[in-house]
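S.K.: Dumping the structure here so I can ask a few things about it.
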Amino acid sequence: MAKKLYVGNLSYETTDGDLQNLFTPHGVVQSAQVIMDRDTGRSKGFGFVEMNNGDEAQAAIKALNGQEKNGRALTVNEARPREERSSARRP
């Protein structure tokens, strides 16, 4: 079963393709997405990678968590389920 990983502390120049290339040596990457700011179109500095299975995901976490990429130490761990957010804006 596919396993989703959170990848944090990415440089703002990182693309989806860069993210996929970073994880490919550790297994089959089903998807790789850098999260972009809706208003500015710039990277938010984190993304998600979906690996083929749990073993490949663990191998990627072990190899890449704390690894320096573009002068930044990556944070790689299992993604937590998305929290519900209220649609009402606070004043």
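FYI, nothing fancy with the structure tokens labels: chains A, B, ... in order, residues from 1 per chain, ligands from 1 as they appear.
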Using 12 Å as the limit and counting only C-alpha atoms, can you tabulate each residue of segment 22-43 of chain A that touches segment 8-11 of chain A, with its shortest atom-to-atom distance in Å and the two atoms involved, as a tab-separated table?
M.R.:
residue	atom	partner	partner_atom	distance
A:Leu22	CA	A:Leu10	CA	11.5
A:Gln33	CA	A:Leu10	CA	11.6
A:Val34	CA	A:Leu10	CA	8.7
A:Ile35	CA	A:Gly8	CA	10.3
A:Met36	CA	A:Leu10	CA	11.8
A:Arg42	CA	A:Ser11	CA	10.9
A:Ser43	CA	A:Ser11	CA	8.3
S.K.: Could you take the residues named above and write them with N, CA, C and O atoms, as a JSON list (two decimals), in the first residue's frame?
M.R.:
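Below is the file that was written, result-v6.json:
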[["chain", "number", "residue", "atom", "x", "y", "z"],
["A", 22, "LEU", "N", 14.84, 13.25, -6.03],
["A", 22, "LEU", "CA", 15.47, 13.05, -4.73],
["A", 22, "LEU", "C", 15.05, 11.72, -4.11],
["A", 22, "LEU", "O", 15.85, 11.03, -3.48],
["A", 33, "GLN", "N", 4.89, 16.38, -4.84],
["A", 33, "GLN", "CA", 4.29, 17.71, -5.01],
["A", 33, "GLN", "C", 4.86, 18.69, -4.00],
["A", 33, "GLN", "O", 4.81, 18.45, -2.79],
["A", 34, "VAL", "N", 5.40, 19.79, -4.52],
["A", 34, "VAL", "CA", 5.81, 20.91, -3.67],
["A", 34, "VAL", "C", 4.57, 21.78, -3.50],
["A", 34, "VAL", "O", 3.88, 22.11, -4.46],
["A", 35, "ILE", "N", 4.27, 22.15, -2.26],
["A", 35, "ILE", "CA", 3.08, 22.95, -1.99],
["A", 35, "ILE", "C", 3.38, 24.42, -2.28],
["A", 35, "ILE", "O", 4.36, 24.97, -1.80],
["A", 36, "MET", "N", 2.50, 25.02, -3.07],
["A", 36, "MET", "CA", 2.68, 26.41, -3.50],
["A", 36, "MET", "C", 1.67, 27.32, -2.80],
["A", 36, "MET", "O", 0.55, 26.91, -2.54],
["A", 42, "ARG", "N", 4.52, 31.14, -5.02],
["A", 42, "ARG", "CA", 5.84, 30.69, -4.56],
["A", 42, "ARG", "C", 5.70, 29.45, -3.70],
["A", 42, "ARG", "O", 4.67, 29.21, -3.09],
["A", 43, "SER", "N", 6.77, 28.68, -3.66],
["A", 43, "SER", "CA", 6.80, 27.49, -2.82],
["A", 43, "SER", "C", 6.63, 27.88, -1.36],
["A", 43, "SER", "O", 7.10, 28.92, -0.92]]
S.K.: In Å, with one decimal, what is the gap from atom CA of Asn70 of chain A to atom CA of Ala57 of chain A?
M.R.: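 Answer for the atom CA of Asn70 of chain A to atom CA of Ala57 of chain A separation: 21.9 Å.
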S.K.: Could you go through chain A and tell me which residues DSSP, when run on the backbone, assigns to strand (DSSP E or B), listing them as number ranges by chain?
M.R.: A: 3-8, 29-36, 43-51, 68-69, 72-73, 75-78
S.K.: Which one is closest to Asn65 of chain A: A:Arg38, A:Gln30, A:Phe23, A:Met1? Count only C-alpha atoms.
M.R.: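 Comparing A:Arg38, A:Gln30, A:Phe23, A:Met1 against Asn65 of chain A, the winner is A:Phe23.
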S.K.: Between A:Glu83, A:Ala2, A:Gly45, A:Asp39, which one has atoms that come closest to Thr15 of chain A, using only C-alpha atoms?
M.R.: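 When distances to Thr15 of chain A are compared using only C-alpha atoms, the smallest one comes from A:Gly45.
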S.K.: Run DSSP on the backbone and grab whatever in chain A lands in alpha helix (DSSP H); send it over as a list in words.
M.R.: Asp16, Gly17, Asp18, Leu19, Gln20, Asn21, Leu22, Phe23, Gly54, Asp55, Glu56, Ala57, Gln58, Ala59, Ala60, Ile61, Lys62, Ala63 and Leu64 of chain A
S.K.: Please produce a file of the residues just selected, as a CSV table (one decimal), in the first residue's frame, where the atoms kept are all heavy atoms.
M.R.:
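Output contents, as saved in part_38.csv:
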chain,number,residue,atom,x,y,z
A,16,ASP,N,8.6,20.1,-8.3
A,16,ASP,CA,8.0,18.7,-8.1
A,16,ASP,C,9.0,17.7,-8.7
A,16,ASP,O,9.2,16.6,-8.1
A,16,ASP,CB,6.7,18.6,-8.9
A,16,ASP,CG,5.6,19.4,-8.3
A,16,ASP,OD1,5.8,20.0,-7.2
A,16,ASP,OD2,4.5,19.5,-8.9
A,17,GLY,N,9.6,18.0,-9.8
A,17,GLY,CA,10.6,17.1,-10.5
A,17,GLY,C,11.8,16.9,-9.6
A,17,GLY,O,12.3,15.7,-9.5
A,18,ASP,N,12.3,18.0,-9.0
A,18,ASP,CA,13.5,17.8,-8.1
A,18,ASP,C,13.1,16.9,-6.9
A,18,ASP,O,13.9,16.0,-6.5
A,18,ASP,CB,13.8,19.2,-7.5
A,18,ASP,CG,14.4,20.2,-8.5
A,18,ASP,OD1,14.9,19.7,-9.5
A,18,ASP,OD2,14.3,21.4,-8.2
A,19,LEU,N,11.9,17.0,-6.4
A,19,LEU,CA,11.5,16.2,-5.3
A,19,LEU,C,11.4,14.7,-5.7
A,19,LEU,O,11.9,13.9,-5.0
A,19,LEU,CB,10.1,16.7,-4.8
A,19,LEU,CG,9.7,16.4,-3.4
A,19,LEU,CD1,10.7,16.8,-2.3
A,19,LEU,CD2,8.3,17.1,-3.1
A,20,GLN,N,10.8,14.5,-6.9
A,20,GLN,CA,10.7,13.1,-7.3
A,20,GLN,C,12.1,12.5,-7.5
A,20,GLN,O,12.4,11.4,-7.1
A,20,GLN,CB,9.9,13.1,-8.7
A,20,GLN,CG,9.9,11.7,-9.2
A,20,GLN,CD,8.7,11.5,-10.2
A,20,GLN,OE1,7.9,12.4,-10.4
A,20,GLN,NE2,8.7,10.3,-10.8
A,21,ASN,N,13.0,13.3,-8.1
A,21,ASN,CA,14.4,12.8,-8.4
A,21,ASN,C,15.1,12.5,-7.1
A,21,ASN,O,15.9,11.6,-7.0
A,21,ASN,CB,15.2,13.8,-9.2
A,21,ASN,CG,14.7,13.9,-10.6
A,21,ASN,OD1,14.1,13.0,-11.1
A,21,ASN,ND2,15.0,15.0,-11.2
A,22,LEU,N,14.8,13.3,-6.0
A,22,LEU,CA,15.5,13.1,-4.7
A,22,LEU,C,15.1,11.7,-4.1
A,22,LEU,O,15.9,11.0,-3.5
A,22,LEU,CB,15.1,14.2,-3.8
A,22,LEU,CG,15.7,14.3,-2.4
A,22,LEU,CD1,17.2,14.5,-2.5
A,22,LEU,CD2,15.1,15.4,-1.6
A,23,PHE,N,13.8,11.3,-4.3
A,23,PHE,CA,13.3,10.1,-3.7
A,23,PHE,C,13.4,8.9,-4.5
A,23,PHE,O,13.3,7.8,-4.0
A,23,PHE,CB,11.8,10.4,-3.3
A,23,PHE,CG,11.7,11.1,-2.0
A,23,PHE,CD1,11.8,12.5,-2.0
A,23,PHE,CD2,11.4,10.5,-0.8
A,23,PHE,CE1,11.8,13.2,-0.8
A,23,PHE,CE2,11.3,11.2,0.4
A,23,PHE,CZ,11.5,12.6,0.4
A,54,GLY,N,5.4,0.8,2.2
A,54,GLY,CA,5.9,1.3,3.5
A,54,GLY,C,7.4,1.0,3.7
A,54,GLY,O,8.1,1.8,4.3
A,55,ASP,N,7.9,-0.1,3.1
A,55,ASP,CA,9.4,-0.4,3.2
A,55,ASP,C,10.2,0.7,2.4
A,55,ASP,O,11.2,1.2,2.9
A,55,ASP,CB,9.7,-1.7,2.6
A,55,ASP,CG,9.1,-2.9,3.4
A,55,ASP,OD1,8.8,-2.6,4.7
A,55,ASP,OD2,8.9,-4.0,2.9
A,56,GLU,N,9.7,1.1,1.2
A,56,GLU,CA,10.4,2.1,0.5
A,56,GLU,C,10.3,3.4,1.2
A,56,GLU,O,11.3,4.2,1.2
A,56,GLU,CB,9.8,2.2,-1.0
A,56,GLU,CG,10.1,0.9,-1.8
A,56,GLU,CD,9.5,0.9,-3.1
A,56,GLU,OE1,8.7,1.9,-3.5
A,56,GLU,OE2,9.7,0.0,-3.9
A,57,ALA,N,9.2,3.7,1.8
A,57,ALA,CA,9.0,5.0,2.5
A,57,ALA,C,10.0,5.0,3.7
A,57,ALA,O,10.6,6.1,3.9
A,57,ALA,CB,7.6,5.1,3.0
A,58,GLN,N,10.1,3.9,4.4
A,58,GLN,CA,11.0,3.9,5.6
A,58,GLN,C,12.5,4.1,5.1
A,58,GLN,O,13.3,4.8,5.8
A,58,GLN,CB,10.9,2.6,6.4
A,58,GLN,CG,9.6,2.6,7.2
A,58,GLN,CD,9.4,3.8,8.1
A,58,GLN,OE1,10.4,4.1,8.8
A,58,GLN,NE2,8.3,4.4,8.1
A,59,ALA,N,12.8,3.5,4.0
A,59,ALA,CA,14.2,3.6,3.4
A,59,ALA,C,14.5,5.1,3.1
A,59,ALA,O,15.6,5.6,3.3
A,59,ALA,CB,14.4,2.7,2.2
A,60,ALA,N,13.5,5.7,2.5
A,60,ALA,CA,13.6,7.1,2.1
A,60,ALA,C,13.8,8.0,3.3
A,60,ALA,O,14.6,8.9,3.4
A,60,ALA,CB,12.5,7.6,1.2
A,61,ILE,N,13.0,7.8,4.4
A,61,ILE,CA,13.0,8.5,5.6
A,61,ILE,C,14.4,8.4,6.2
A,61,ILE,O,15.1,9.4,6.6
A,61,ILE,CB,11.9,8.1,6.6
A,61,ILE,CG1,10.6,8.5,6.1
A,61,ILE,CG2,12.2,8.7,8.0
A,61,ILE,CD1,9.4,7.9,6.9
A,62,LYS,N,14.9,7.1,6.3
A,62,LYS,CA,16.2,6.9,6.9
A,62,LYS,C,17.3,7.6,6.2
A,62,LYS,O,18.2,8.1,6.8
A,62,LYS,CB,16.4,5.3,7.0
A,62,LYS,CG,17.7,4.9,7.7
A,62,LYS,CD,17.8,3.4,7.8
A,62,LYS,CE,17.1,2.9,9.0
A,62,LYS,NZ,17.3,1.5,9.3
A,63,ALA,N,17.2,7.5,4.8
A,63,ALA,CA,18.3,8.1,4.0
A,63,ALA,C,18.3,9.6,3.9
A,63,ALA,O,19.3,10.3,3.9
A,63,ALA,CB,18.2,7.5,2.6
A,64,LEU,N,17.1,10.2,3.9
A,64,LEU,CA,16.9,11.6,3.6
A,64,LEU,C,16.7,12.6,4.8
A,64,LEU,O,16.9,13.7,4.7
A,64,LEU,CB,15.9,11.8,2.5
A,64,LEU,CG,16.2,11.2,1.2
A,64,LEU,CD1,15.0,11.3,0.3
A,64,LEU,CD2,17.4,11.8,0.6
S.K.: Would you mind reading off the distance between atom CA of Arg80 of chain A and atom CA of Val29 of chain A, one decimal, in Å?
M.R.: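 Interatomic distance, atom CA of Arg80 of chain A to atom CA of Val29 of chain A: 18.3 Å.
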S.K.: From the list A:Lys44, A:Gly66, A:Ser31, A:Gly71, which residue is nearest Leu5 of chain A when using only C-alpha atoms?
M.R.: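 Result for the nearest residue to Leu5 of chain A: A:Ser31.
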S.K.: If you count only C-alpha atoms, which residues fall within 12 Å of Pro81 of chain A, apart from same-chain ones fewer than 6 positions away, as number ranges by chain?
M.R.: A: 3-6, 48
S.K.: For the selection just defined, write its residues with all heavy atoms to a file, as a compact mmCIF listing (two decimals), in the first residue's frame.
M.R.:
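File result37.txt, as written:
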# COMPACT_ATOMS: atom_id res chain seq x y z
N LYS A 3 2.47 4.87 0.65
CA LYS A 3 2.74 5.58 1.90
C LYS A 3 3.10 7.03 1.56
O LYS A 3 3.97 7.29 0.74
CB LYS A 3 3.89 4.89 2.61
CG LYS A 3 4.10 5.30 4.03
CD LYS A 3 2.93 4.96 4.89
CE LYS A 3 3.17 3.74 5.73
NZ LYS A 3 2.13 3.55 6.72
N LYS A 4 2.43 7.97 2.22
CA LYS A 4 2.65 9.39 1.96
C LYS A 4 3.65 9.95 2.97
O LYS A 4 3.53 9.70 4.17
CB LYS A 4 1.33 10.15 2.03
CG LYS A 4 1.38 11.53 1.42
CD LYS A 4 -0.01 12.09 1.25
CE LYS A 4 -0.01 13.24 0.27
NZ LYS A 4 -1.34 13.73 0.00
N LEU A 5 4.62 10.71 2.46
CA LEU A 5 5.65 11.31 3.30
C LEU A 5 5.57 12.83 3.23
O LEU A 5 5.28 13.40 2.18
CB LEU A 5 7.04 10.88 2.82
CG LEU A 5 7.33 9.38 2.81
CD1 LEU A 5 8.71 9.13 2.24
CD2 LEU A 5 7.20 8.81 4.20
N TYR A 6 5.85 13.46 4.36
CA TYR A 6 5.98 14.91 4.45
C TYR A 6 7.46 15.25 4.27
O TYR A 6 8.32 14.59 4.86
CB TYR A 6 5.49 15.39 5.82
CG TYR A 6 5.91 16.80 6.15
CD1 TYR A 6 5.17 17.88 5.69
CD2 TYR A 6 7.05 17.05 6.91
CE1 TYR A 6 5.56 19.18 5.99
CE2 TYR A 6 7.44 18.34 7.21
CZ TYR A 6 6.70 19.40 6.74
OH TYR A 6 7.08 20.68 7.02
N PHE A 48 4.95 16.89 -0.41
CA PHE A 48 4.56 15.53 -0.09
C PHE A 48 5.01 14.60 -1.20
O PHE A 48 4.95 14.96 -2.37
CB PHE A 48 3.04 15.43 0.09
CG PHE A 48 2.54 16.22 1.25
CD1 PHE A 48 2.05 17.51 1.09
CD2 PHE A 48 2.58 15.69 2.54
CE1 PHE A 48 1.60 18.25 2.17
CE2 PHE A 48 2.14 16.43 3.62
CZ PHE A 48 1.65 17.71 3.44
